Every structure is written in structure tokens, then in C-alpha cells.
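Here's the structure we're looking at; comments come further down.
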Amino acid sequence: MRKNKKIIYLLFAIHCSLCTIHYSHAEEQTPSKNMKESVFISAERLEFKQKTSPESPPSEGGERGGYIIDGKGNIEIWFRDKVIFGDTVEFNTETESGYIKGNVVMSDPESQIISESAEFNIKTATGILHNTAGVLASKYYFTGERIEKIGTDRYTLFSGTLTTCRGDIPAWRFRVRKSHIHLEHYAYLTGTSLLIKDVPVFYLPYWIVPIKTQRATGLLAPSFGSSNKDGLFINNSFFWAITDHQDATIYLDYLEKKGFREGLEYRYHLSKNSSGNFFGSYLKEKDTEREFYKINFDHNQLFPLGIQGVVKVDILSGANQDKEYEDDTALRTRRYTDSFIRLTKSWTSRSLQILGRKRESVESGYSEMYAQAPEVTFVNQKERIGKLPFFFNIDSSFTSFRNEKGKDKTELERADIHPVITYTFNKYPWLTLTPAVGIRETYYSRGINRVDSFTRDLYDIELKMEGPKFFRIFDPELDSGRSPLKHIIEPRIVYNYIPDIDKEDRREIIQIDNIDAATSQNIVSYFLTNRMLKKNLGEKSTTDEIFRFEISQQYDITEANRSDSISLNPNRPFSDVRFDLDTRIIKPLIFNYDTRFDVYESKINTANLDIGVNYKDIWYLTAERRYTRKPESIFVTGIAGINVTKNLNLQYSSRYDEYNKKFLENDYSTTYSSGCWEFSLDIVDRKYFVGSEELNETKFFFLITLKDIVSIGERGNLGLIQRKI
């Protein structure tokens, strides 16, 4: 039977029970309702040959035998979301297998394979393709003399190449004698050479590489480097995908000069209300016999009634692992561990918190432990009292403190309640007056010298005046293309008054936090703020603050009226003048500066500078300078980098002790990044302490990443600075 029309469709419907193919002419018969899956074949010319006689018994699907279909010219075979193209085809409707040749292309939504010829079976989703090239899972490019598709996600490649790079001569590729590829699992490579361009770099008789985007159990690529302190180090890890909501990483690091360091990280997300993370590590140095261990545990739990629970366990050994082995600067320089358990219940304008906390010093030669067990805090945010023009808020707490410094121990219970009533007078839009009156009652179970309890009774008054505000709009000409600017001047005055308390009580109060520091006040604070706003023109108009400059100072009326002043202790009612400047006039540039100026000694007490610039993504510079006069210290931290090309980046970051004129850390980094691979080399030179002895460490890191295949090595620490443009 032969059709002479240019394109003729043959519909094969597959019964789901036996997967037996039914067929009909698309023009002559509509598929029955029980037909679940279909195969469509089109060609310029189709010829059908019945494989068995018409008298043979019908199959269970009602079909008498099968057909051999010969097709020629612009072959298209469609099945589900897959399609096969070619020049000629021979297809067996009974076995659902065929042979296609001439410009063969097999495609699905994520893969495309080109070959000279192919044997295929639609029913089993298998096939053999000859002289082939293509892409699997949208990212793995290959060539081969032959590739066998042995399942929906399994392939065997013979005498071919595998890479994630495009191009006739990709940046890198594996040349393999044979490879078993299991998508979302691994590729098992036999007779493997790694080629950079067309140059072989190294040979491995057998190698396993991950071919996956989803988490899966297996060995992770090791990272390694060297330092003068640790010698050669190799960090090995094994990832265990326990369930969809739990996984773990087991570490075994080798440090040539120090020994083996074991570690375990366990992560879980048991439900939307329960999740957490555990990390622990242990090292016993073989050269010093010192023991280093570290435990971190974080858990979050949502209980009924909206109660939020948080647990944090933070434990370090006496030999401080963070200070000597951590690459993260924040961990290496921290001064204490912090463990706590917290329960919180929040309402619209109220919150209740129960906290137990323990902090321990990790500084060498200094021992201190600070604990709160428990601390109960209730806060009522400011809210209107009925329909009255008054607002009410309250802070209250009960705390049991314990503090140990060496042999000195302090235990104290304290209860504090501080209700405040506020009224806002805003009759005029240019002026706002906000008076507030509060009462504070504080109970102490003991004092510095007395063992009996006592109370501190205070009231406080605050009067805040904001305005009058002045502003001017600079509106450029319509055709100038410049954005409108608005300059605002905002004065603000705040008066705070707290009466003097009993001198005997004042001497007995043990200072724990700001609650205990609430002593007599009679202070006027005044602020003058300049702000510049820029309106961005476009479809969605937005406004940015590009400039803010604030000057502030305090005047202590009590200090001004103090009558016991002498030449060694003269009256000094004026505080330091504080200047605070934040600018972002143009987006690639940051310039922030704040300082405190002593008006009596005419000297700067503190000065902090942040600068940053990014020039057209070619080069960038960010620096922070922190100066304190008493005790004198100056620290400079910065990052400077240049993108030599779109692929090559050079970067330098540093921490410098300007007062002692020495570098605390220098990091040099080179990164070359291409579309499908990346290489980086980091050299870190830093100081660390063992006890009071200052030592120097130089550490080398390198990282090679073959995109979507493997990463070997690790990056150095580039997180010396918080802000980077």
C-alpha cells in the first residue's frame, strides 16, 4: 500500500496494558478513547509491508500482525516530547524498533544528538548511534564513534570526548576510550585524558566525575594547598544525602605538620516548623599534643500558639581553633563564645521573650564567664490609649546574672519596669513637639558591698522638637536631561531629664548594661541634618538620598552648674561634636565619614572613613579606616582589584595596623573565569597568636572548577571587608 501525497501521517496508538501498537490513517480514522500514547511518522514517501498474513490470529489489542514501514525524504518521528529526524527510515510496528540514517537528529527538551545513522527502539527508549555528537541534559557536550542509549538517563560512549564547553575546540574536554554516563549520578570514565584545547594535560586510566544538579550521596572533590604552619593540607569530605530533608558531610582533613582533623556537619529540615544545623571538629596536633575542638549547633522550632524557639550551642576548646585555623576573619578575631536558648511570643504590638545565655571569653590569658539564666523580657510597643491623643509603651525585664572574672564571682537578680506616656503635638506641618514622661522602678537583690536588696526609683522626661524644616527644589530645564534635586535642612532638639538618685544607692549598683547606667541627666542634644534627594526620571519615578550630613552635640546642664570644679577637673558641659557624612552622589562612588571632635582639647577622638569606587567594572577600590585616640589605635582594611580582561581578575586585600605599623593580613588573588571553567590562586600572609607569642603564616590556595563537573581546591579568605562595590 502506497500513498502519493507529499506528507502522509501514520498514527500508532499504544495500549497501556500491553503497549501494543495500533495504527490508522490519520485522514481515515479517529483514535479510539482508550488510546493513551501515539507515535507519528511523516515523510515525503512512505511504504507499508505487512509482516504477517491477514489470517494470523489477532493480538490482544485487535491487531493482525505488524508492519514494516519504509520512509524516504524528510523523515520526522514524534513520540511524547521526543522527535527523530533523518533521510530514510525502516520501522517495525510490532517491535517498535527501527533503523534511520542520513543527517539523523534525535531531540528532546534537554538533549540533542546528531549522527550518521541510528538503531532505536521507541518502546524501550534505547538505541545505538554512530559517528555522533550532541548535548545531554542541556549542558554535557560529547562526540563519539558510537553512543549507546541504554535507558532514559543512561548512555555508554565509545572513543569520544565529554565537556561542558561549547565550540569545535573547547577550552577543556575529557577524551575517553569508554564512558558510562548516568545523568544526575556519575560518569565512569575509562582511559581518560584531560585536554586543554587540544593539548593533553594528564592521563588517568579510570576516573569518576559527578554528572548531577541534584544533591546525591558521594565523595566530594578534595581541596588542598600548603602553608608554613600546617605544611601540605588536603581537605577530604563525603556527602550523605540521608533523606530529602536531611543530609550530612563527613570531613577528614590531612595537615602534614599537624595530623588529621575530623569533622561532621549535619543539616536537617524536619518540617516547616523545625530545622537546624550541627557542626563539630577535632584535631590533636602531633607536634605539640594540643587538642582543638569546636562544636556549633543551631536549631529553630515553631511551637503551637506562634511561640518561636531558638537554640544555639557555641563551644571552643581552650586551645582556640578559630584563632589559629579559621580562614574567616570575623571568627578568627572574635573574643567570646555565645550559647543561648530563647523562646519568643509576639503579638501585633507586644512581645514576650525568655532567654538563657552563656558567654565565655576565648582570649588567651583572660578568663571570664557571663551568664543570664533566665532573662524574661516583656515589651509593649508604642500604641494609642483608646481614643485619647496619648500613647503608651513599656519595657520590663527580670534577669538573673552570673559573672565570673578569674576568682571574682558575682551573682545578681534584677527586675526593671519602665512605662512611658507620650503625646505628639503636630498641629503645624513644619513643627512637631513630642513630650514623654516615664517612671522606672529597678530592684536589685544585692549591691557591690551590701548583701541585702534595695530598689532604685527614677522618673524621666523627654521633650523632642523637630523642625521647622527648610527645603529648596532645584528643577533643571526640561531638555537638560538632568534629574531634579531637593535640599532639606532638618533641625532637631531633644531634652532629657532624670533626677539625681540616692548617692548611697548609686555607689552600690553593679553595672551590667544600659539599664544600670541610667543615672541623673539634665542634657540638651541638638542636631542639624542636611539631606539631598534626587528624583530618578523614567517609567517608574523613584527618589534616592544621595547626600546626608549631620552635626550633633550635647550640653550637660548639671555639669555646667557643678560648683566643685577645680583646675584638674574643670566644668566641661559640652560633649564632643559629631560630624556624620554619607554620600552616594554617583552610584559607582561611596564616601562616608564620621568623626567626634573634642571641643576642649581641640583634638579628634574618633574618625571613621569609608571610601569605595568602581570604574566601569574595570577597576575597584574599597577601604575602611578606623581611628580611636583613647586608647590610640588605627586599623585600615581594604580591597583593590582590576579586571585585566573580561575573564582575568587580580585582587589584593589587606588589614593594616597603622598605629603599630604592621600588616595583620595580606591576601593576593588571581582569578581566570571562562564560560565553562575557572581557575584561581590565592596567597594569604597573616599573623596569628599562640598564647602571647605572635607568629606568621603564609598559606597557598588554588581552585580549578570545571563547570557542572567538578571543583578541585578552595578559595582563600577574601572577606576582610564588609563593603565592596
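Ligands are numbered from 1 in the order shown, residues from 1 within each chain, and chains are lettered A, B, ... in the order they appear in the C-alpha cells.
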Who sits within 12 Å of Pro304 in chain A, only C-alpha atoms, same chain under 5 positions skipped, as a PyMOL selection string | chain A and resi 273+309+344-345
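Of all the residues in range 335-521 of chain A, the ones DSSP labels as helix (DSSP H, G or I) from the backbone are Leu478, Asp479, Ser480, Lys503, Glu504, Asp505, Arg506, Arg507 and Glu508 of chain A.
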Glu90 in chain A environment, 10 Å, only C-alpha atoms, sequence neighbours closer than 5 positions dropped, as a PyMOL selection string | chain A and resi 46-48+68-72+97-101+119
DSSP on the backbone: what in range 301-471 of chain A comes out strand (DSSP E or B), as a ChimeraX atom specification?
-> /A:301-303,307-316,336-346,350-361,368-384,390-405,408-423,425-428,431-444,454-466,470-471
Please provide as a list in words all residues within 7 Å of Asp230 in chain A, with the sequence filter that same-chain residues fewer than 3 positions apart are discarded (counting only C-alpha atoms).
-> Ser226, Ser227, Phe233, Leu255, Glu256, Lys257 and Lys258 of chain A
All residues 6 Å or closer to Ile250 in chain A, only C-alpha atoms, same chain fewer than 2 positions away omitted, as a VMD selection string | chain A and resid 237 to 238 263 to 264
Just the residues within 12 Å of range 359-363 of chain A, please, counting only C-alpha atoms, with nothing from its chain fewer than 3 positions along; format it as a ChimeraX atom specification.
-> /A:312-323,331-340,356,366-373,401-406,689-692
Please produce an output containing N, CA and C atoms for each residue in the selection, written as a compact mmCIF listing (two decimals), in the first residue's frame.
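And here's out-v3.txt as it stands now:
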```
# COMPACT_ATOMS: atom_id res chain seq x y z
N LYS A 312 21.13 27.79 70.43
CA LYS A 312 22.47 27.92 69.84
C LYS A 312 23.49 27.44 70.86
N VAL A 313 24.31 26.49 70.43
CA VAL A 313 25.41 25.98 71.25
C VAL A 313 26.71 26.35 70.56
N ASP A 314 27.59 27.01 71.28
CA ASP A 314 28.85 27.52 70.73
C ASP A 314 29.96 27.17 71.71
N ILE A 315 30.76 26.17 71.37
CA ILE A 315 31.80 25.68 72.28
C ILE A 315 33.14 25.65 71.55
N LEU A 316 34.17 26.16 72.22
CA LEU A 316 35.54 26.12 71.71
C LEU A 316 36.46 25.55 72.78
N SER A 317 37.46 24.83 72.36
CA SER A 317 38.46 24.31 73.30
C SER A 317 39.33 25.45 73.81
N GLY A 318 40.05 25.17 74.90
CA GLY A 318 40.96 26.17 75.44
C GLY A 318 42.00 26.60 74.43
N ALA A 319 42.51 25.65 73.68
CA ALA A 319 43.35 25.99 72.53
C ALA A 319 42.41 26.45 71.43
N ASN A 320 42.45 27.73 71.11
CA ASN A 320 41.43 28.36 70.27
C ASN A 320 41.59 27.98 68.80
N GLN A 321 40.71 27.08 68.33
CA GLN A 321 40.78 26.63 66.95
C GLN A 321 40.49 27.76 65.97
N ASP A 322 39.51 28.63 66.32
CA ASP A 322 39.17 29.73 65.42
C ASP A 322 40.37 30.64 65.19
N LYS A 323 41.07 30.97 66.26
CA LYS A 323 42.16 31.93 66.14
C LYS A 323 43.32 31.38 65.31
N LEU A 331 35.59 35.16 62.56
CA LEU A 331 35.74 34.08 63.54
C LEU A 331 37.13 34.11 64.17
N ARG A 332 38.13 34.42 63.39
CA ARG A 332 39.49 34.40 63.92
C ARG A 332 39.73 35.47 64.97
N THR A 333 38.98 36.57 64.91
CA THR A 333 39.21 37.69 65.82
C THR A 333 38.14 37.81 66.91
N ARG A 334 37.18 36.90 66.95
CA ARG A 334 36.14 37.05 67.96
C ARG A 334 36.70 36.80 69.36
N ARG A 335 36.05 37.39 70.37
CA ARG A 335 36.61 37.39 71.72
C ARG A 335 35.88 36.47 72.68
N TYR A 336 34.71 35.97 72.32
CA TYR A 336 33.98 35.10 73.24
C TYR A 336 33.04 34.18 72.46
N THR A 337 32.70 33.07 73.08
CA THR A 337 31.66 32.19 72.54
C THR A 337 30.31 32.65 73.07
N ASP A 338 29.25 32.27 72.38
CA ASP A 338 27.91 32.74 72.75
C ASP A 338 26.92 31.61 72.55
N SER A 339 26.45 31.02 73.64
CA SER A 339 25.44 29.96 73.61
C SER A 339 24.18 30.47 74.29
N PHE A 340 23.02 30.13 73.73
CA PHE A 340 21.78 30.60 74.34
C PHE A 340 20.61 29.72 73.91
N GLY A 356 17.98 32.27 78.06
CA GLY A 356 19.08 31.78 78.88
C GLY A 356 20.35 31.89 78.06
N TYR A 366 43.05 35.26 79.62
CA TYR A 366 41.97 36.02 80.25
C TYR A 366 40.76 35.10 80.39
N SER A 367 40.23 35.02 81.59
CA SER A 367 39.11 34.13 81.86
C SER A 367 37.92 34.94 82.36
N GLU A 368 36.80 34.85 81.65
CA GLU A 368 35.57 35.49 82.08
C GLU A 368 34.38 34.71 81.56
N MET A 369 33.38 34.55 82.42
CA MET A 369 32.14 33.89 82.04
C MET A 369 30.98 34.79 82.45
N TYR A 370 30.05 34.98 81.52
CA TYR A 370 28.89 35.84 81.76
C TYR A 370 27.65 35.02 81.42
N ALA A 371 26.69 34.96 82.35
CA ALA A 371 25.50 34.14 82.13
C ALA A 371 24.25 34.89 82.55
N GLN A 372 23.18 34.65 81.82
CA GLN A 372 21.84 35.11 82.18
C GLN A 372 20.95 33.88 82.21
N ALA A 373 20.43 33.56 83.35
CA ALA A 373 19.63 32.34 83.48
C ALA A 373 18.58 32.51 84.57
N PHE A 401 21.69 37.30 86.82
CA PHE A 401 23.03 37.38 86.25
C PHE A 401 24.00 36.52 87.05
N ARG A 402 25.01 36.05 86.33
CA ARG A 402 26.15 35.43 86.98
C ARG A 402 27.38 35.80 86.18
N ASN A 403 28.39 36.34 86.84
CA ASN A 403 29.60 36.78 86.16
C ASN A 403 30.82 36.30 86.93
N GLU A 404 31.76 35.68 86.19
CA GLU A 404 32.99 35.20 86.81
C GLU A 404 34.18 35.77 86.06
N LYS A 405 35.03 36.51 86.76
CA LYS A 405 36.28 37.03 86.21
C LYS A 405 37.40 36.50 87.08
N GLY A 406 38.09 35.48 86.57
CA GLY A 406 39.12 34.86 87.38
C GLY A 406 38.50 34.26 88.63
N PHE A 689 48.30 34.25 66.82
CA PHE A 689 48.91 34.20 68.15
C PHE A 689 48.73 32.82 68.76
N VAL A 690 49.78 32.32 69.37
CA VAL A 690 49.72 31.15 70.23
C VAL A 690 50.09 31.64 71.62
N GLY A 691 49.08 31.78 72.49
CA GLY A 691 49.29 32.47 73.75
C GLY A 691 49.58 33.93 73.47
N SER A 692 50.66 34.43 73.97
CA SER A 692 51.05 35.82 73.72
C SER A 692 52.09 35.93 72.62
```
Could you pull the residues within 7 Å of range 579-596 of chain A, counting only C-alpha atoms, minus those fewer than 3 positions along the same chain, as a VMD selection string?
-> chain A and resid 546 to 552 576 604 to 615
Take the residues just selected and output them with N, CA and C atoms as a short mmCIF file (atom, residue, chain, number, x, y, z; two decimals), in the first residue's frame.
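Saved result, selection38.cif, follows:
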```cif
data_model
loop_
_atom_site.label_atom_id
_atom_site.label_comp_id
_atom_site.auth_asym_id
_atom_site.auth_seq_id
_atom_site.Cartn_x
_atom_site.Cartn_y
_atom_site.Cartn_z
N ILE A 546 21.08 61.00 48.09
CA ILE A 546 22.46 60.95 47.59
C ILE A 546 23.44 61.65 48.53
N PHE A 547 22.90 62.34 49.55
CA PHE A 547 23.80 63.10 50.43
C PHE A 547 23.10 63.30 51.77
N ARG A 548 23.81 62.99 52.86
CA ARG A 548 23.30 63.29 54.20
C ARG A 548 24.47 63.73 55.07
N PHE A 549 24.31 64.89 55.69
CA PHE A 549 25.36 65.42 56.57
C PHE A 549 24.69 65.90 57.85
N GLU A 550 25.13 65.32 58.97
CA GLU A 550 24.52 65.66 60.26
C GLU A 550 25.59 66.11 61.24
N ILE A 551 25.28 67.19 61.93
CA ILE A 551 26.14 67.71 63.01
C ILE A 551 25.33 67.61 64.30
N SER A 552 25.95 67.09 65.36
CA SER A 552 25.23 66.94 66.62
C SER A 552 26.17 67.15 67.80
N ASP A 576 31.64 65.99 72.81
CA ASP A 576 32.29 66.05 71.50
C ASP A 576 31.26 66.45 70.44
N ILE A 604 40.72 65.35 67.62
CA ILE A 604 39.76 64.35 67.15
C ILE A 604 39.87 63.11 68.02
N ASN A 605 38.75 62.68 68.59
CA ASN A 605 38.73 61.48 69.43
C ASN A 605 38.52 60.21 68.61
N THR A 606 37.63 60.25 67.64
CA THR A 606 37.42 59.11 66.76
C THR A 606 37.24 59.62 65.34
N ALA A 607 37.63 58.82 64.37
CA ALA A 607 37.44 59.17 62.96
C ALA A 607 37.33 57.88 62.16
N ASN A 608 36.23 57.73 61.45
CA ASN A 608 35.98 56.54 60.65
C ASN A 608 35.71 56.96 59.21
N LEU A 609 36.42 56.34 58.29
CA LEU A 609 36.31 56.70 56.88
C LEU A 609 36.03 55.46 56.05
N ASP A 610 35.01 55.56 55.18
CA ASP A 610 34.71 54.51 54.20
C ASP A 610 34.74 55.14 52.82
N ILE A 611 35.53 54.58 51.93
CA ILE A 611 35.54 55.06 50.55
C ILE A 611 35.45 53.86 49.62
N GLY A 612 34.83 54.07 48.48
CA GLY A 612 34.72 52.99 47.52
C GLY A 612 34.42 53.54 46.14
N VAL A 613 35.02 52.94 45.14
CA VAL A 613 34.78 53.37 43.77
C VAL A 613 34.88 52.16 42.86
N ASN A 614 34.02 52.14 41.85
CA ASN A 614 34.05 51.09 40.84
C ASN A 614 34.00 51.78 39.49
N TYR A 615 35.12 51.74 38.77
CA TYR A 615 35.20 52.45 37.49
C TYR A 615 34.85 51.51 36.35
#
```
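Put simply, CA of Ala118 in chain A is 13.3 Å away from CA of Ile150 in chain A.
As for CA of Arg472 in chain A and CA of Leu433 in chain A, they are spaced 23.4 Å apart.
Counting only C-alpha atoms, the residue from A:Asn393, A:Asn277, A:Ser42, A:Thr329 that sits nearest to Arg350 in chain A is A:Asn393.
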Go through A:Ala133, A:Ile493, A:Leu664, A:Ile639 one by one, measure the shortest atom-to-atom distance of each to Glu694 in chain A using only C-alpha atoms, and give the residue with the smallest value.
-> A:Leu664
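Ranking A:Asp685, A:Glu601, A:Glu285, A:Asp516 by their shortest atom-to-atom distance to Asn666 in chain A, with only C-alpha atoms included, puts A:Asp685 first.
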